[in-house]
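> One structure is given below, represented as structure tokens, and several questions about it will come after.
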Amino acid sequence: MKLKQIYLFIVLFYVSNVSCRRMVNTIPALFASYSLVPGLKKSLPHSEQMPFSEHEANVYLTRALEQCNNDHYIFVKVPGLRVTDFQNFSAWTNLRNRLVKASTIFAMPNVLDGRGVSMTRHNDEYEIIKWEALESTLENYCDVMKYNIKHMNPEEFPKYQGTRKILLKVEVFNFLEYEEVEDNRIEFLQQIDELIRDLCRRFPTPKFSILLAGTTSTEVKYDEIADRDEVIEFHEVPDDPKVLSVAMREKVRKSKRVIFPDITVFDKSRYFEYDRSQFHERPSFNDLKENQWVKDMGKGEDDLIDDTWLEKKTKKIVKDEKLYKFGENEEFVSVFANKQFVRDNSLLLASATLLFVVFVSFDILRGAFLAIKRILNSSDVKPKPSKKSVKVE
């Protein structure tokens with residue numbers, strides 16, 4: 001009897017363990033840049049339809065922000081946001097218009113929570129997307145001016161017509177964490193979309209990046225988001241998205257692996273890298289160069305490996321001295337090259353220089369005086385007559 005109980009316990013433990021492994025916690029994240037982020041798509045380790053680890057998501061977001069190729073940046077933190085919320089296209093009218101004009105889109109429908117499956121995460125301070133680290137990246141590399149947009153009020157950000165880069169940190173109410181009624185969720189998503197529209201209108205230029213992501217993870221089945229056979233490849237996408245098959249439409253209609261698939265998956269131009277602000281319209285596929293194909297378009301195994309984008313940049317980044325960490329600026333620069341330092345300490349430097357000249361001059365004169373004295377003394381001394389020995393006979 002005891003053996004049967006032990007056996008039953010082992011079986012139940014194994015089944016529960018397997019079921020737990022198949023459940024994961026994820027958040028959606030969406031990054032869009034008006035200017036092209038060269039090499040971002042090619043460097044991704046896998047398709048965007050596959051889940052990203054917490055480390056992967058933060059590394060590639062950091063690399064994208066390090067480029068400083070936009071004038072303004074918007075961080076939107078949405079507690080309770082789910083990947084299914086992006087299926088309501090009508091709630092994201094303004095955001096989708098911005099995505100169409102963006103040269104680079106990095107969609108991560110599922111970013112895995114590094115802690116795995118656990119209990120409810122409401123009011124949890126743990127961050128899957130490392131917002132503070134990304135802010136520090138923009139501060140160190142781009143010297144941005146930060147504004148906190150609280151209470152979803154666009155008036156927190158004044159109309160700005162300067163030249164300094166800007167970072168807007170938008171904190172959204174945690175309404176979506178507790179609301180399950182779809183109509184109410186759509187209405188709140190529309191408010192977020194309108195807030196993004198109002199903030200973008202205050203920018204003097206259209207060159208900006210936006211990062212929108214959830215902050216509280218939700219539980220999903222790992223098999224639903226990690227099956228490589230379910231990835232939609234380039235050759236499966238028709239040249240005209242209007243002729244999508246019924247089976248393909250049903251496949252993505254309620255999929256948890258894509259964000260705005262009509263833009264990120266079924267627009268074939270997204271498989272190429274080019275700056276859309278220069279073309280003003282989508283160029284013909286035949287006009288694009290061979291090296292503009294993204295990684296998913298590789299023809300062989302060698303084409304799937306492109307780590308050059310992750311190499312250390314040779315471009316010199318200029319920033320204020322106050323932003324340097326201790327020992328970060330390793331290049332030696334003489335303090336006398338600092339005009340402000342020389343101007344502030346001119347009296348001290350002049351006194352030190354005069355004192356040095358006096359000491360050197362005194363030493364030279366002293367040496368010359370001793371040399372002349374030695375010469376004069378040697379000329380005044382008469383030679384003594386030599387004593388000859390007298391021989392006595």
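By convention in this document, the chains of the structure tokens carry letters A, B, ... by their order, each chain's residues are numbered from 1, and ligands are numbered from 1 in the order they are shown.
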Using only C-alpha atoms, which residues sit within 9 Å of segment 210-212 of chain A once same-chain residues fewer than 6 positions away are excluded, as a ChimeraX atom specification?
/A:28-34,61,72-78
> What parts of segment 36-257 of chain A does DSSP call alpha helix (DSSP H)? I'd like the answer as a PDB file with C-alpha atoms, in the first residue's frame.

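The result, stored in states-v9.pdb:
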```pdb
ATOM      1  CA  LEU A  40      19.064  45.627 -35.610  1.00  0.00           C
ATOM      2  CA  LYS A  41      16.969  43.093 -37.517  1.00  0.00           C
ATOM      3  CA  LYS A  42      19.989  41.191 -38.797  1.00  0.00           C
ATOM      4  CA  SER A  43      21.418  40.736 -35.314  1.00  0.00           C
ATOM      5  CA  GLU A  54      14.566  38.989 -20.467  1.00  0.00           C
ATOM      6  CA  HIS A  55      18.270  39.422 -21.216  1.00  0.00           C
ATOM      7  CA  GLU A  56      17.810  39.412 -24.989  1.00  0.00           C
ATOM      8  CA  ALA A  57      15.089  42.045 -24.871  1.00  0.00           C
ATOM      9  CA  ASN A  58      17.110  44.472 -22.764  1.00  0.00           C
ATOM     10  CA  VAL A  59      20.340  43.963 -24.715  1.00  0.00           C
ATOM     11  CA  TYR A  60      18.785  44.715 -28.099  1.00  0.00           C
ATOM     12  CA  LEU A  61      16.763  47.646 -26.800  1.00  0.00           C
ATOM     13  CA  THR A  62      19.945  49.092 -25.319  1.00  0.00           C
ATOM     14  CA  ARG A  63      21.807  48.655 -28.599  1.00  0.00           C
ATOM     15  CA  ALA A  64      18.981  50.369 -30.472  1.00  0.00           C
ATOM     16  CA  LEU A  65      18.923  53.359 -28.114  1.00  0.00           C
ATOM     17  CA  GLU A  66      22.715  53.736 -28.150  1.00  0.00           C
ATOM     18  CA  THR A  93      -5.223  54.227 -34.713  1.00  0.00           C
ATOM     19  CA  ASN A  94      -2.576  56.870 -34.014  1.00  0.00           C
ATOM     20  CA  LEU A  95       0.110  54.416 -32.936  1.00  0.00           C
ATOM     21  CA  ARG A  96      -0.396  52.344 -36.078  1.00  0.00           C
ATOM     22  CA  ASN A  97      -0.025  55.444 -38.243  1.00  0.00           C
ATOM     23  CA  ARG A  98       3.307  56.118 -36.553  1.00  0.00           C
ATOM     24  CA  LEU A  99       4.411  52.521 -37.096  1.00  0.00           C
ATOM     25  CA  VAL A 100       3.729  52.712 -40.830  1.00  0.00           C
ATOM     26  CA  LYS A 101       6.135  55.664 -41.076  1.00  0.00           C
ATOM     27  CA  TRP A 131      13.579  51.008 -17.643  1.00  0.00           C
ATOM     28  CA  GLU A 132      16.150  52.708 -15.434  1.00  0.00           C
ATOM     29  CA  ALA A 133      19.027  51.138 -17.331  1.00  0.00           C
ATOM     30  CA  LEU A 134      17.533  52.261 -20.641  1.00  0.00           C
ATOM     31  CA  GLU A 135      17.121  55.788 -19.252  1.00  0.00           C
ATOM     32  CA  SER A 136      20.773  55.779 -18.195  1.00  0.00           C
ATOM     33  CA  THR A 137      21.740  54.710 -21.714  1.00  0.00           C
ATOM     34  CA  LEU A 138      19.960  57.721 -23.184  1.00  0.00           C
ATOM     35  CA  GLU A 139      21.494  60.017 -20.565  1.00  0.00           C
ATOM     36  CA  ASN A 140      25.040  58.807 -21.162  1.00  0.00           C
ATOM     37  CA  TYR A 141      24.929  58.547 -24.936  1.00  0.00           C
ATOM     38  CA  CYS A 142      22.368  61.164 -25.978  1.00  0.00           C
ATOM     39  CA  PHE A 175      -6.601  50.095 -14.889  1.00  0.00           C
ATOM     40  CA  LEU A 176      -5.838  47.140 -17.172  1.00  0.00           C
ATOM     41  CA  GLU A 177      -4.513  45.022 -14.307  1.00  0.00           C
ATOM     42  CA  TYR A 178      -7.973  44.602 -12.848  1.00  0.00           C
ATOM     43  CA  GLU A 182     -13.149  43.843 -23.311  1.00  0.00           C
ATOM     44  CA  ASP A 183     -15.108  47.016 -24.150  1.00  0.00           C
ATOM     45  CA  ASN A 184     -13.719  48.799 -21.104  1.00  0.00           C
ATOM     46  CA  ARG A 185     -10.196  47.704 -21.965  1.00  0.00           C
ATOM     47  CA  ILE A 186     -10.568  48.970 -25.540  1.00  0.00           C
ATOM     48  CA  GLU A 187     -11.800  52.329 -24.271  1.00  0.00           C
ATOM     49  CA  PHE A 188      -8.781  52.672 -21.994  1.00  0.00           C
ATOM     50  CA  LEU A 189      -6.396  51.638 -24.790  1.00  0.00           C
ATOM     51  CA  GLN A 190      -7.863  54.412 -26.920  1.00  0.00           C
ATOM     52  CA  GLN A 191      -7.018  56.884 -24.165  1.00  0.00           C
ATOM     53  CA  ILE A 192      -3.403  55.681 -24.218  1.00  0.00           C
ATOM     54  CA  ASP A 193      -3.335  56.009 -27.995  1.00  0.00           C
ATOM     55  CA  GLU A 194      -4.687  59.567 -27.833  1.00  0.00           C
ATOM     56  CA  LEU A 195      -2.101  60.455 -25.192  1.00  0.00           C
ATOM     57  CA  ILE A 196       0.681  59.268 -27.509  1.00  0.00           C
ATOM     58  CA  ARG A 197      -0.835  61.347 -30.313  1.00  0.00           C
ATOM     59  CA  ASP A 198      -0.981  64.509 -28.177  1.00  0.00           C
ATOM     60  CA  LEU A 199       2.625  64.091 -27.018  1.00  0.00           C
ATOM     61  CA  CYS A 200       3.920  63.499 -30.538  1.00  0.00           C
ATOM     62  CA  ARG A 201       2.222  66.655 -31.749  1.00  0.00           C
ATOM     63  CA  TYR A 222       4.766  28.005 -23.625  1.00  0.00           C
ATOM     64  CA  ASP A 223       3.813  25.670 -26.482  1.00  0.00           C
ATOM     65  CA  GLU A 224       1.531  28.347 -27.925  1.00  0.00           C
ATOM     66  CA  ILE A 225       4.320  30.901 -28.309  1.00  0.00           C
ATOM     67  CA  ALA A 226       7.465  28.808 -28.842  1.00  0.00           C
ATOM     68  CA  VAL A 246      -8.462  32.185 -45.175  1.00  0.00           C
ATOM     69  CA  ALA A 247      -6.259  29.725 -43.286  1.00  0.00           C
ATOM     70  CA  MET A 248      -3.547  32.369 -42.830  1.00  0.00           C
ATOM     71  CA  ARG A 249      -6.067  34.947 -41.641  1.00  0.00           C
ATOM     72  CA  GLU A 250      -7.425  32.536 -39.054  1.00  0.00           C
ATOM     73  CA  LYS A 251      -3.900  31.641 -37.992  1.00  0.00           C
ATOM     74  CA  VAL A 252      -3.016  35.186 -36.973  1.00  0.00           C
ATOM     75  CA  ARG A 253      -6.442  36.494 -36.004  1.00  0.00           C
TER      76      ARG A 253
END
```
> So, counting only C-alpha atoms, which residue among A:Glu219, A:Asp227, A:Asp143, A:Asp262 is closest to Asp113 of chain A?
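The answer is A:Glu219, which sits nearest to Asp113 of chain A.
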> How far is it from atom CA of Pro38 of chain A to atom CA of Lys207 of chain A, in Å with one decimal?
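Atom CA of Pro38 of chain A sits 15.5 Å away from atom CA of Lys207 of chain A.
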> With distances taken over only C-alpha atoms, which residue among A:Leu81, A:Ser277, A:Asn110, A:Ile105 lies nearest Pro206 of chain A?
A:Ser277
> Can you list, as a PDB file with C-alpha atoms, in the first residue's frame, every residue of segment 41-130 of chain A that DSSP puts in strand (DSSP E or B)?

```pdb
ATOM      1  CA  PHE A  52      12.552  36.669 -26.172  1.00  0.00           C
ATOM      2  CA  HIS A  72      13.026  62.489 -29.037  1.00  0.00           C
ATOM      3  CA  TYR A  73      12.116  59.329 -27.128  1.00  0.00           C
ATOM      4  CA  ILE A  74       8.905  58.157 -25.441  1.00  0.00           C
ATOM      5  CA  PHE A  75       8.746  55.403 -22.817  1.00  0.00           C
ATOM      6  CA  VAL A  76       5.203  54.187 -22.121  1.00  0.00           C
ATOM      7  CA  LYS A  77       4.783  51.795 -19.177  1.00  0.00           C
ATOM      8  CA  VAL A  78       1.384  50.081 -19.253  1.00  0.00           C
ATOM      9  CA  THR A 104      12.631  50.240 -37.801  1.00  0.00           C
ATOM     10  CA  ILE A 105      10.064  48.223 -35.839  1.00  0.00           C
ATOM     11  CA  PHE A 106      11.121  45.766 -33.163  1.00  0.00           C
ATOM     12  CA  ALA A 107       8.077  43.820 -31.943  1.00  0.00           C
ATOM     13  CA  MET A 108       8.395  41.412 -29.035  1.00  0.00           C
ATOM     14  CA  PRO A 109       4.971  39.871 -28.406  1.00  0.00           C
ATOM     15  CA  ASN A 110       6.363  37.732 -25.597  1.00  0.00           C
ATOM     16  CA  VAL A 111       9.240  38.721 -23.310  1.00  0.00           C
ATOM     17  CA  LEU A 112       9.761  35.992 -20.753  1.00  0.00           C
TER      18      LEU A 112
END
```
> Neighbours of Arg115 of chain A within 10 Å (only C-alpha atoms; same-chain residues fewer than 6 positions away dropped), as a list in words?
Val24, Asn25, Glu54, Tyr126 and Ile128 of chain A
> Kindly save the residues from that selection, with N, CA and C atoms included, as a short mmCIF file (atom, residue, chain, number, x, y, z; two decimals), in the first residue's frame.

```
data_model
loop_
_atom_site.label_atom_id
_atom_site.label_comp_id
_atom_site.auth_asym_id
_atom_site.auth_seq_id
_atom_site.Cartn_x
_atom_site.Cartn_y
_atom_site.Cartn_z
N VAL A 24 4.35 29.86 -18.71
CA VAL A 24 5.35 30.90 -18.51
C VAL A 24 4.65 32.24 -18.35
N ASN A 25 5.37 33.19 -17.79
CA ASN A 25 4.86 34.54 -17.64
C ASN A 25 5.57 35.45 -18.63
N GLU A 54 14.44 37.68 -21.10
CA GLU A 54 14.57 38.99 -20.47
C GLU A 54 15.88 39.66 -20.85
N TYR A 126 9.39 44.49 -9.44
CA TYR A 126 10.35 43.85 -10.34
C TYR A 126 10.07 44.28 -11.78
N ILE A 128 10.79 43.64 -15.80
CA ILE A 128 11.31 42.75 -16.85
C ILE A 128 12.08 43.60 -17.87
#
```
> Considering only C-alpha atoms, state which residue in the set A:Ile259, A:Lys165, A:Ile375, A:Arg22 is at the smallest distance from Trp92 of chain A.
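Closest candidate: A:Ile259.
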> In Å, with one decimal, what is the gap from atom CA of Phe173 of chain A to atom CA of Lys146 of chain A?
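Taking atom CA of Phe173 of chain A and atom CA of Lys146 of chain A, their separation equals 19.8 Å.
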